[in-house]
file run.txt (compact mmCIF, C-alpha atoms and all ligand atoms)
# COMPACT_ATOMS: atom_id res chain seq x y z
CA MET A 1 -23.00 4.55 10.17
CA LYS A 2 -25.21 6.85 8.11
CA HIS A 3 -22.10 8.59 6.83
CA VAL A 4 -20.49 5.30 5.93
CA ALA A 5 -23.59 4.21 4.04
CA ALA A 6 -23.69 7.52 2.14
CA PHE A 7 -20.00 7.13 1.36
CA ALA A 8 -20.56 3.63 -0.03
CA VAL A 9 -23.48 4.80 -2.17
CA LEU A 10 -21.50 7.74 -3.54
CA SER A 11 -18.52 5.53 -4.15
CA ALA A 12 -20.72 3.15 -6.10
CA ALA A 13 -22.14 6.11 -8.04
CA LEU A 14 -18.62 7.22 -8.88
CA LEU A 15 -17.72 3.76 -10.07
CA ILE A 16 -20.84 3.55 -12.17
CA ALA A 17 -20.18 6.98 -13.65
CA GLY A 18 -16.57 6.06 -14.35
CA CYS A 19 -17.52 2.76 -15.95
CA ALA A 20 -20.42 4.06 -18.00
CA ALA A 21 -18.39 6.96 -19.33
CA PRO A 22 -16.54 6.60 -22.61
CA ALA A 23 -13.13 6.81 -20.99
CA PRO A 24 -10.21 5.89 -23.23
CA GLU A 25 -8.96 3.34 -20.72
CA PRO A 26 -11.87 1.90 -18.75
CA SER A 27 -10.92 1.28 -15.13
CA CYS A 28 -13.18 -1.76 -14.87
CA GLY A 29 -12.45 -4.93 -16.77
CA SER A 30 -14.95 -7.30 -18.32
CA GLY A 31 -15.88 -8.49 -14.84
CA GLY A 32 -17.34 -5.06 -14.07
CA CYS A 33 -16.47 -2.51 -11.43
CA PRO A 34 -15.29 -3.63 -7.99
CA SER A 35 -17.71 -2.85 -5.19
CA HIS A 36 -16.64 -0.57 -2.36
CA ALA A 37 -19.45 -1.79 -0.15
CA GLY A 38 -18.22 -2.99 3.20
CA THR A 39 -14.72 -1.58 2.91
CA SER A 40 -15.39 1.55 4.95
CA GLY A 41 -17.65 0.27 7.74
CA PRO A 42 -16.40 -0.28 11.28
CA ASP A 43 -15.07 -3.70 12.07
CA ALA A 44 -17.62 -5.44 14.29
CA ALA A 45 -15.06 -6.89 16.71
CA THR A 46 -12.65 -3.96 17.02
CA GLY A 47 -14.83 -0.93 16.28
CA ILE A 48 -12.07 0.43 14.03
CA ALA A 49 -13.64 2.81 11.52
CA ILE A 50 -12.79 5.77 9.33
CA PRO A 51 -13.45 9.03 11.26
CA PRO A 52 -16.86 10.44 10.20
CA VAL A 53 -15.32 13.79 9.21
CA LEU A 54 -13.13 12.03 6.65
CA VAL A 55 -16.06 9.96 5.42
CA GLN A 56 -17.96 13.21 4.85
CA GLU A 57 -15.02 14.89 3.13
CA HIS A 58 -14.52 11.95 0.80
CA ALA A 59 -18.23 11.73 0.06
CA ALA A 60 -18.41 15.43 -0.85
CA LEU A 61 -15.34 15.24 -3.09
CA HIS A 62 -16.56 12.12 -4.79
CA GLU A 63 -19.99 13.58 -5.39
CA GLU A 64 -18.37 16.55 -7.12
CA LEU A 65 -16.20 14.24 -9.20
CA VAL A 66 -19.27 12.28 -10.31
CA GLN A 67 -20.83 15.56 -11.44
CA ALA A 68 -17.66 16.53 -13.31
CA THR A 69 -17.50 13.17 -15.13
CA ARG A 70 -20.89 13.98 -16.63
CA ALA A 71 -19.62 17.20 -18.23
CA ASP A 72 -19.31 17.48 -21.99
CA GLY A 73 -16.10 17.98 -23.91
CA ARG A 74 -12.57 17.97 -22.58
CA THR A 75 -13.71 18.70 -19.02
CA GLY A 76 -15.78 15.52 -18.79
CA GLU A 77 -13.05 13.52 -20.49
CA ALA A 78 -10.42 14.80 -18.05
CA ALA A 79 -12.71 14.19 -15.05
CA ARG A 80 -13.27 10.60 -16.18
CA ALA A 81 -9.50 10.17 -16.44
CA VAL A 82 -9.23 11.35 -12.80
CA ALA A 83 -11.97 8.91 -11.73
CA ASP A 84 -10.20 6.15 -13.60
CA ARG A 85 -6.98 6.69 -11.64
CA LEU A 86 -8.76 7.14 -8.35
CA HIS A 87 -10.74 3.89 -8.11
CA ALA A 88 -8.26 1.23 -7.04
CA HIS A 89 -6.32 3.75 -4.95
CA PHE A 90 -9.47 4.77 -3.19
CA VAL A 91 -10.48 1.19 -2.36
CA ARG A 92 -7.07 0.44 -0.83
CA GLU A 93 -7.08 3.72 1.09
CA GLU A 94 -10.39 2.76 2.66
CA GLN A 95 -8.97 -0.60 3.65
CA ILE A 96 -5.63 0.35 5.21
CA ALA A 97 -4.97 4.11 5.40
CA LEU A 98 -8.09 5.75 6.80
CA PRO A 99 -9.51 3.32 9.42
CA PRO A 100 -6.43 3.62 11.71
CA LEU A 101 -7.18 7.34 12.03
CA GLY A 102 -10.37 6.39 13.85
CA LEU A 103 -8.21 5.39 16.83
CA LEU A 104 -6.38 8.73 17.16
CA GLU A 105 -8.72 10.37 19.65
CA GLU A 106 -8.62 7.36 21.97
CA LEU A 107 -4.84 7.04 21.63
CA ALA A 108 -4.33 10.75 22.31
CA ARG A 109 -6.26 10.32 25.56
CA GLY A 110 -3.77 7.62 26.53
CA GLY A 111 -6.09 4.68 25.96
CA VAL A 112 -5.37 1.28 24.50
CA ARG A 113 -7.46 -1.89 24.14
CA PRO A 114 -6.33 -5.35 23.06
CA GLU A 115 -8.78 -5.16 20.13
CA MET A 116 -6.80 -2.21 18.78
CA GLY A 117 -4.02 -4.67 17.89
CA ALA A 118 -5.93 -5.47 14.72
CA VAL A 119 -4.97 -2.04 13.36
CA THR A 120 -1.31 -2.99 13.07
CA GLU A 121 -2.09 -5.29 10.16
CA MET A 122 -3.47 -2.23 8.33
CA THR A 123 -0.65 0.09 9.26
CA ASP A 124 2.07 -2.46 8.43
CA ALA A 125 0.44 -2.85 5.01
CA LEU A 126 0.26 0.94 4.64
CA ALA A 127 3.94 1.36 5.50
CA ALA A 128 4.85 -1.33 2.95
CA GLU A 129 2.58 0.04 0.22
CA LEU A 130 3.25 3.73 0.85
CA PRO A 131 5.70 4.21 -2.05
CA ARG A 132 3.15 2.81 -4.50
CA MET A 133 0.32 4.87 -3.01
CA LEU A 134 2.42 8.03 -3.33
CA GLU A 135 3.17 7.10 -6.94
CA GLU A 136 -0.57 6.82 -7.50
CA HIS A 137 -0.96 10.31 -6.06
CA VAL A 138 1.53 11.59 -8.65
CA GLU A 139 -0.70 10.12 -11.38
CA ILE A 140 -3.86 11.48 -9.78
CA LEU A 141 -2.32 14.96 -9.38
CA ARG A 142 -1.22 14.91 -13.01
CA ALA A 143 -4.78 14.03 -14.07
CA LEU A 144 -6.10 16.82 -11.83
CA ASP A 145 -3.77 19.33 -13.48
CA ALA A 146 -5.22 18.30 -16.84
CA LEU A 147 -8.75 18.63 -15.46
CA LYS A 148 -8.02 22.10 -14.10
CA GLU A 149 -6.61 23.18 -17.43
CA ALA A 150 -9.52 21.76 -19.45
CA ALA A 151 -12.14 23.22 -17.11
CA THR A 152 -10.49 26.64 -17.20
CA ALA A 153 -10.27 26.56 -21.00
CA GLU A 154 -13.93 25.55 -21.28
CA GLY A 155 -15.20 28.19 -18.84
CA ARG A 156 -15.97 25.79 -15.96
CA PRO A 157 -14.31 27.59 -13.00
CA GLU A 158 -16.23 25.50 -10.44
CA VAL A 159 -14.68 22.31 -11.84
CA ALA A 160 -11.22 23.92 -11.93
CA GLU A 161 -11.69 24.94 -8.29
CA PHE A 162 -12.80 21.41 -7.40
CA ALA A 163 -9.67 19.97 -9.05
CA GLY A 164 -7.60 22.22 -6.78
CA ARG A 165 -9.44 21.02 -3.69
CA LEU A 166 -9.04 17.35 -4.61
CA ALA A 167 -5.31 17.95 -5.15
CA ALA A 168 -5.09 19.62 -1.72
CA HIS A 169 -6.85 16.59 -0.23
CA ALA A 170 -4.19 14.30 -1.71
CA ARG A 171 -1.45 16.54 -0.27
CA THR A 172 -3.12 16.41 3.16
CA GLU A 173 -3.06 12.63 2.97
CA GLU A 174 0.62 12.63 2.06
CA GLN A 175 1.72 15.16 4.65
CA VAL A 176 -0.64 14.40 7.54
CA LEU A 177 -3.06 11.48 7.25
CA TYR A 178 -0.83 8.66 6.00
CA PRO A 179 1.96 9.47 8.49
CA ALA A 180 -0.61 9.80 11.31
CA ALA A 181 -2.06 6.39 10.44
CA ILE A 182 1.40 4.80 10.58
CA LEU A 183 2.15 6.51 13.90
CA ALA A 184 -1.18 5.26 15.29
CA GLY A 185 -0.09 1.71 14.48
CA ASP A 186 3.30 2.25 16.13
CA MET A 187 1.62 3.66 19.23
CA VAL A 188 -0.74 0.70 19.49
CA LYS A 189 2.18 -1.74 19.20
CA ARG A 190 4.14 0.12 21.87
CA ARG A 191 1.28 0.36 24.35
CA LEU A 192 0.26 -3.26 23.90
CA ARG A 193 3.86 -4.28 24.69
CA GLU A 194 3.95 -2.21 27.90
FE FE B 1 -8.67 10.36 -0.17
FE FE B 2 -5.17 9.19 -1.66
call {"tool": "encode", "arguments": {"input": "run.txt", "output": "structure tokens", "more": "lines below"}}
Ligand SMILES: [Fe+2]
Ligand SMILES: [Fe+2]
result
Amino acid sequence: MKHVAAFAVLSAALLIAGCAAPAPEPSCGSGGCPSHAGTSGPDAATGIAIPPVLVQEHAALHEELVQATRADGRTGEAARAVADRLHAHFVREEQIALPPLGLLEELARGGVRPEMGAVTEMTDALAAELPRMLEEHVEILRALDALKEAATAEGRPEVAEFAGRLAAHARTEEQVLYPAAILAGDMVKRRLRE
């Protein structure tokens, strides 16, 4: 729970940084930034939650992005463009793509509980929304390329290296995490039918 709380705080910090920054296209409308609070915590009835290791990884990446958005010049501008593209994607990912992964250990041990059935709503939504989420990754990766280039040109190798790690994270989601989440949903459906 501590990790989830830290994640929510960092997410809020990222949103605040993204909104306060003079980005050309603000990600938050006149109603202000959406709150991430409550989207990553375990569901009280089902116990379905994002695995702590992924909460930590996200928190660390987001903390670094917040730092990068505060940079001067083209680097800060490019980092704010990344943050801008990440927000809505990130909220949806927390809602439907990452929580199902919290069931993998139990499923791999052969377990199933009726409460797990709730995950299929998430994984059905993920399967339906996958093309759009992958499109969003294309945009995010494009923005990360620009960040890498700007940071390299401005002598910020640590930001360029971070951009590479965030891009690798997106690739891991595409190649491993999203498919695993969908398979977790399929497995739950199958076992609950048996
Ligand atoms: Fe992610
Ligand atoms: Fe993603």
call {"tool": "atom_distance", "arguments": {"input": "run.txt", "atom1": "atom CA of Asp72 of chain A", "atom2": "atom CA of Arg85 of chain A"}}
result
19.4 Å
call {"tool": "axis_aligned_box", "arguments": {"input": "run.txt", "around": "segment 50-65 of chain A", "padding_each_side": "6 Å", "output": "lines of an AutoDock Vina configuration file"}}
result
center_x = -16.4
center_y = 11.2
center_z = 1.0
size_x = 19.2
size_y = 22.8
size_z = 32.5
call {"tool": "atom_distance", "arguments": {"input": "run.txt", "atom1": "atom CA of Gly155 of chain A", "atom2": "atom CA of His169 of chain A"}}
result
23.5 Å
call {"tool": "residues_near_ligand", "arguments": {"input": "run.txt", "ligand": "ligand FE 1 (chain B)", "cutoff": "7 Å", "atoms": "all atoms listed in the file", "output": "list in words"}}
result
His58, Phe90, Glu93, His169, Ala170 and Glu173 of chain A
call {"tool": "closest_residue", "arguments": {"input": "run.txt", "among": "A:Val55, A:Leu61, A:Ala151, A:Leu192", "to": "Gly73 of chain A", "atoms": "all atoms listed in the file"}}
result
A:Ala151
call {"tool": "residues_near_ligand", "arguments": {"input": "run.txt", "ligand": "ligand FE 2 (chain B)", "cutoff": "10 Å", "atoms": "all atoms listed in the file", "output": "PyMOL selection string"}}
result
chain A and resi 86+89-94+97-98+133-134+136-138+140+166-167+169-174+177-178
call {"tool": "closest_residue", "arguments": {"input": "run.txt", "among": "A:Gly110, A:Pro42, A:Pro131, A:Gly164", "to": "Asp145 of chain A", "atoms": "all atoms listed in the file"}}
result
A:Gly164
call {"tool": "closest_residue", "arguments": {"input": "run.txt", "among": "A:Ala180, A:Val112, A:Leu101, A:Ala153", "to": "Arg74 of chain A", "atoms": "only C-alpha atoms"}}
result
A:Ala153
call {"tool": "closest_residue", "arguments": {"input": "run.txt", "among": "A:Ala60, A:Leu126, A:Leu103, A:Ala78", "to": "Ala160 of chain A", "atoms": "only C-alpha atoms"}}
result
A:Ala78
call {"tool": "atom_distance", "arguments": {"input": "run.txt", "atom1": "atom CA of Ile50 of chain A", "atom2": "atom CA of Ala128 of chain A"}}
result
20.1 Å
call {"tool": "residues_around", "arguments": {"input": "run.txt", "residues": "Lys148 of chain A", "least_positions_apart": "2", "cutoff": "10 Å", "atoms": "all atoms listed in the file", "output": "number ranges by chain"}}
result
A: 75, 78-79, 142-146, 150-154, 156-164
